[in-house]
file input-v4.txt (compact mmCIF, C-alpha atoms and all ligand atoms)
# COMPACT_ATOMS: atom_id res chain seq x y z
CA MET D 1 1.60 -20.76 -1.22
CA GLU D 2 2.73 -21.41 2.29
CA ASP D 3 4.40 -18.18 3.29
CA LYS D 4 2.80 -15.94 5.89
CA LYS D 5 0.94 -13.90 3.39
CA GLY D 6 0.05 -16.90 1.29
CA ARG D 7 -2.21 -18.32 3.94
CA MET D 8 -4.47 -15.30 3.70
CA VAL D 9 -4.71 -15.25 -0.06
CA ALA D 10 -4.53 -18.98 -0.66
CA ALA D 11 -6.73 -20.93 -2.99
CA LEU D 12 -8.04 -18.15 -5.16
CA GLU D 13 -7.62 -19.43 -8.66
CA ASN D 14 -8.78 -16.29 -10.46
CA GLY D 15 -10.08 -13.11 -8.99
CA THR D 16 -9.19 -10.11 -6.90
CA VAL D 17 -7.86 -9.72 -3.39
CA ILE D 18 -8.57 -6.38 -1.80
CA ASP D 19 -5.99 -5.85 0.88
CA HIS D 20 -5.04 -3.21 3.46
CA ILE D 21 -8.63 -2.21 4.11
CA PRO D 22 -8.99 -0.20 7.32
CA THR D 23 -11.12 -2.42 9.60
CA GLN D 24 -13.81 0.22 10.11
CA LYS D 25 -14.18 0.56 6.33
CA LEU D 26 -14.51 -3.12 5.53
CA PHE D 27 -18.27 -3.23 5.30
CA THR D 28 -18.38 0.04 3.42
CA VAL D 29 -16.23 -1.60 0.77
CA VAL D 30 -18.55 -4.61 0.71
CA GLN D 31 -21.48 -2.30 0.15
CA LEU D 32 -19.74 -0.14 -2.38
CA LEU D 33 -18.78 -3.07 -4.58
CA GLN D 34 -22.19 -4.63 -3.97
CA LEU D 35 -20.56 -7.83 -2.83
CA ASP D 36 -23.66 -8.67 -0.84
CA LYS D 37 -25.40 -9.20 -4.18
CA CYS D 38 -22.45 -10.89 -5.83
CA LYS D 39 -22.95 -14.47 -6.99
CA ASP D 40 -19.25 -15.28 -7.07
CA SER D 41 -17.54 -16.70 -4.06
CA VAL D 42 -16.54 -13.95 -1.64
CA THR D 43 -14.37 -14.30 1.43
CA ILE D 44 -14.41 -11.46 3.91
CA GLY D 45 -11.91 -11.32 6.72
CA ASN D 46 -11.40 -8.66 9.32
CA ASN D 47 -8.93 -7.79 12.05
CA TYR D 48 -5.94 -9.48 10.52
CA SER D 49 -2.81 -8.02 12.00
CA SER D 50 -0.93 -5.68 9.74
CA LYS D 51 2.41 -3.98 10.25
CA LYS D 52 1.20 -0.92 8.46
CA LEU D 53 -2.29 -0.50 9.88
CA GLY D 54 -2.28 -2.46 13.14
CA HIS D 55 -5.32 -4.33 11.98
CA LYS D 56 -6.81 -4.61 8.56
CA GLY D 57 -9.60 -6.18 6.59
CA LEU D 58 -9.24 -8.28 3.50
CA ILE D 59 -11.69 -9.38 0.84
CA LYS D 60 -11.23 -12.08 -1.76
CA VAL D 61 -13.58 -12.27 -4.70
CA ALA D 62 -13.38 -15.19 -7.08
CA ASP D 63 -13.64 -14.55 -10.81
CA ARG D 64 -14.18 -10.85 -10.44
CA PHE D 65 -12.00 -8.06 -11.77
CA PHE D 66 -13.04 -4.56 -10.88
CA SER D 67 -13.47 -1.76 -13.38
CA ASP D 68 -11.65 1.57 -13.15
CA ASP D 69 -14.93 3.10 -12.15
CA GLU D 70 -15.34 0.75 -9.22
CA ILE D 71 -11.74 1.36 -8.25
CA SER D 72 -12.23 5.13 -8.18
CA ARG D 73 -15.18 4.64 -5.87
CA LEU D 74 -12.97 2.57 -3.63
CA ALA D 75 -10.29 5.25 -3.69
CA VAL D 76 -12.74 7.76 -2.34
CA VAL D 77 -13.70 5.57 0.60
CA CYS D 78 -10.28 4.22 1.48
CA PRO D 79 -7.46 5.83 -0.46
CA ASN D 80 -4.69 3.41 0.49
CA ILE D 81 -6.00 -0.05 -0.15
CA ARG D 82 -4.34 -2.46 -2.48
CA LEU D 83 -5.79 -4.76 -5.10
CA CYS D 84 -4.06 -7.97 -6.10
CA ILE D 85 -5.21 -9.49 -9.34
CA ILE D 86 -4.94 -13.27 -9.29
CA ARG D 87 -4.82 -15.48 -12.33
CA ASP D 88 -4.11 -19.15 -12.15
CA TYR D 89 -3.18 -18.88 -8.43
CA GLU D 90 -0.54 -16.24 -9.11
CA VAL D 91 -0.59 -12.55 -8.30
CA VAL D 92 -0.22 -11.06 -11.76
CA GLU D 93 -0.79 -7.45 -10.83
CA LYS D 94 -0.83 -5.27 -7.74
CA LYS D 95 -2.65 -2.00 -7.88
CA GLU D 96 -2.30 0.65 -5.24
CA VAL D 97 -5.60 2.43 -5.24
CA CYS D 98 -5.16 6.18 -5.41
CA LEU D 99 -7.44 9.09 -6.07
CA PRO D 100 -7.83 9.87 -9.76
CA ASP D 101 -7.66 13.49 -11.01
CA GLN D 102 -11.33 13.53 -11.75
CA LEU D 103 -14.31 11.69 -10.30
CA THR D 104 -17.36 11.30 -12.48
CA ASN D 105 -20.60 10.41 -10.75
CA VAL D 106 -18.94 9.08 -7.63
CA VAL D 107 -19.42 11.88 -5.12
CA ARG D 108 -22.50 13.94 -4.38
CA CYS D 109 -22.12 17.71 -4.18
CA ALA D 110 -22.61 19.13 -0.68
CA ASN D 111 -24.10 22.33 -2.04
CA PRO D 112 -27.90 21.93 -1.99
CA VAL D 113 -28.42 24.50 -4.76
CA CYS D 114 -25.81 22.94 -7.05
CA ILE D 115 -27.29 22.02 -10.41
CA THR D 116 -26.20 18.40 -9.88
CA ASN D 117 -28.57 18.17 -6.92
CA ASN D 118 -31.45 19.59 -8.91
CA GLU D 119 -31.14 18.08 -12.35
CA PRO D 120 -30.81 14.44 -13.39
CA MET D 121 -27.14 14.63 -14.31
CA LYS D 122 -23.79 13.18 -13.39
CA THR D 123 -21.59 14.91 -10.88
CA VAL D 124 -18.01 15.75 -11.76
CA PHE D 125 -15.35 16.57 -9.19
CA TYR D 126 -11.77 17.61 -9.75
CA VAL D 127 -9.39 16.33 -7.14
CA VAL D 128 -7.44 19.49 -6.34
CA ASP D 129 -5.35 18.19 -3.45
CA LYS D 130 -4.72 14.47 -3.41
CA GLU D 131 -2.77 14.52 -0.20
CA ARG D 132 -5.50 16.16 1.82
CA GLY D 133 -8.29 14.65 -0.26
CA ILE D 134 -9.83 17.93 -1.37
CA MET D 135 -12.14 17.89 -4.36
CA LYS D 136 -13.96 20.63 -6.16
CA CYS D 137 -17.32 20.50 -7.93
CA ARG D 138 -17.05 21.29 -11.61
CA TYR D 139 -20.40 23.02 -11.67
CA CYS D 140 -20.59 25.16 -8.54
CA GLY D 141 -16.96 25.21 -7.42
CA LYS D 142 -17.72 23.97 -3.93
CA GLU D 143 -14.79 22.21 -2.35
CA GLN D 144 -15.23 19.29 -0.04
CA CYS D 145 -12.96 17.00 1.86
CA ILE D 146 -12.88 13.26 1.38
CA ASP D 147 -13.70 12.74 5.07
CA ASN D 148 -17.14 14.27 4.68
CA ILE D 149 -18.35 13.14 1.30
CA LYS D 150 -21.50 11.35 0.35
CA LEU D 151 -21.41 8.90 -2.50
CA VAL D 152 -23.82 9.18 -5.39
ZN ZN C 201 -21.68 21.42 -6.95
call {"tool": "encode", "arguments": {"input": "input-v4.txt", "output": "structure tokens"}}
result
Amino acid sequence: MEDKKGRMVAALENGTVIDHIPTQKLFTVVQLLQLDKCKDSVTIGNNYSSKKLGHKGLIKVADRFFSDDEISRLAVVCPNIRLCIIRDYEVVEKKEVCLPDQLTNVVRCANPVCITNNEPMKTVFYVVDKERGIMKCRYCGKEQCIDNIKLV
């Protein structure tokens, strides 16, 4: 792989490349996927130039394929990143991360009296407006915007 893009994703035999990460979100993604505790080989790059974003971050993780649950967490933090699944040095799948219709145990409810903040239970949010990132608590109906959420 010697094309422009190839240099950035080179030499990953199997694993996942997380691309188009806004630079200020890079370390949030690292934390979210617990890559600091990951035993596989992880390459983290930041401030690559990108036509779309100006600058972007990129993470390569060898031998790791993320679950749908991990991907929905990612979607909440940075809705427009892209995952490239690599097998045998080839990109076999590209996934645009987008907000799912429902988020289970990803986001904390901002309403202090909500049952989810007072009982040991999972939170459930319905994404009611994907474009603006508005989600609504299943239990108390409180709406919150993706820009102000706290993760579980
Ligand atoms: Zn609630």
call {"tool": "closest_atom_pairs", "arguments": {"input": "input-v4.txt", "of": "chain D", "to": "ligand ZN 201 (chain C)", "cutoff": "7 Å", "atoms": "all atoms listed in the file", "output": "tab-separated table"}}
result
residue	atom	partner	partner_atom	distance
D:Cys109	CA	C:ZN201	ZN	4.7
D:Ala110	CA	C:ZN201	ZN	6.7
D:Asn111	CA	C:ZN201	ZN	5.5
D:Cys114	CA	C:ZN201	ZN	4.4
D:Ile115	CA	C:ZN201	ZN	6.6
D:Thr116	CA	C:ZN201	ZN	6.2
D:Cys137	CA	C:ZN201	ZN	4.6
D:Arg138	CA	C:ZN201	ZN	6.6
D:Tyr139	CA	C:ZN201	ZN	5.1
D:Cys140	CA	C:ZN201	ZN	4.2
D:Gly141	CA	C:ZN201	ZN	6.1
D:Lys142	CA	C:ZN201	ZN	5.6
call {"tool": "atom_distance", "arguments": {"input": "input-v4.txt", "atom1": "CA of Asp36 in chain D", "atom2": "CA of Ile59 in chain D"}}
result
12.1 Å
call {"tool": "residues_around", "arguments": {"input": "input-v4.txt", "residues": "Ala62 in chain D", "least_positions_apart": "5", "cutoff": "9 Å", "atoms": "all atoms listed in the file", "output": "list in words"}}
result
Leu12, Glu13, Asn14, Gly15, Thr16, Val17, Asp40, Ser41, Val42, Thr43 and Ile86 of chain D
call {"tool": "residues_around", "arguments": {"input": "input-v4.txt", "residues": "Glu93 in chain D", "least_positions_apart": "5", "cutoff": "9 Å", "atoms": "all atoms listed in the file", "output": "ChimeraX atom specification"}}
result
/D:83-86
call {"tool": "closest_residue", "arguments": {"input": "input-v4.txt", "among": "D:Asn46, D:Asp88, D:Leu26, D:Val106", "to": "Lys150 in chain D", "atoms": "only C-alpha atoms"}}
result
D:Val106
call {"tool": "closest_residue", "arguments": {"input": "input-v4.txt", "among": "D:Met121, D:Val113, D:Ile134, D:Ile18", "to": "Pro100 in chain D", "atoms": "only C-alpha atoms"}}
result
D:Ile134
call {"tool": "atom_distance", "arguments": {"input": "input-v4.txt", "atom1": "CA of Lys136 in chain D", "atom2": "CA of Leu103 in chain D"}}
result
9.9 Å
call {"tool": "closest_residue", "arguments": {"input": "input-v4.txt", "among": "D:Arg73, D:Arg82, D:Lys122, D:Lys25", "to": "Lys60 in chain D", "atoms": "all atoms listed in the file"}}
result
D:Arg82
call {"tool": "closest_residue", "arguments": {"input": "input-v4.txt", "among": "D:Ser72, D:Glu90, D:Asn47, D:Pro112", "to": "Val127 in chain D", "atoms": "all atoms listed in the file"}}
result
D:Ser72
call {"tool": "atom_distance", "arguments": {"input": "input-v4.txt", "atom1": "CA of Ser49 in chain D", "atom2": "CA of Asn80 in chain D"}}
result
16.3 Å
call {"tool": "closest_residue", "arguments": {"input": "input-v4.txt", "among": "D:Cys98, D:Val124, D:Ile21, D:Val61", "to": "Gln34 in chain D", "atoms": "all atoms listed in the file"}}
result
D:Val61
call {"tool": "residues_around", "arguments": {"input": "input-v4.txt", "residues": "Val107 in chain D", "least_positions_apart": "2", "cutoff": "7 Å", "atoms": "all atoms listed in the file", "output": "list in words"}}
result
Asn105, Cys109, Thr123, Ile149, Lys150, Leu151 and Val152 of chain D
call {"tool": "write_last_selection", "arguments": {"input": "input-v4.txt", "atoms": "C-alpha atoms", "output": "PDB file, keeping the file's coordinate frame"}}
result
ATOM      1  CA  ASN D 105     -20.600  10.410 -10.750  1.00  0.00           C
ATOM      2  CA  CYS D 109     -22.120  17.710  -4.180  1.00  0.00           C
ATOM      3  CA  THR D 123     -21.590  14.910 -10.880  1.00  0.00           C
ATOM      4  CA  ILE D 149     -18.350  13.140   1.300  1.00  0.00           C
ATOM      5  CA  LYS D 150     -21.500  11.350   0.350  1.00  0.00           C
ATOM      6  CA  LEU D 151     -21.410   8.900  -2.500  1.00  0.00           C
ATOM      7  CA  VAL D 152     -23.820   9.180  -5.390  1.00  0.00           C
TER       8      VAL D 152
END
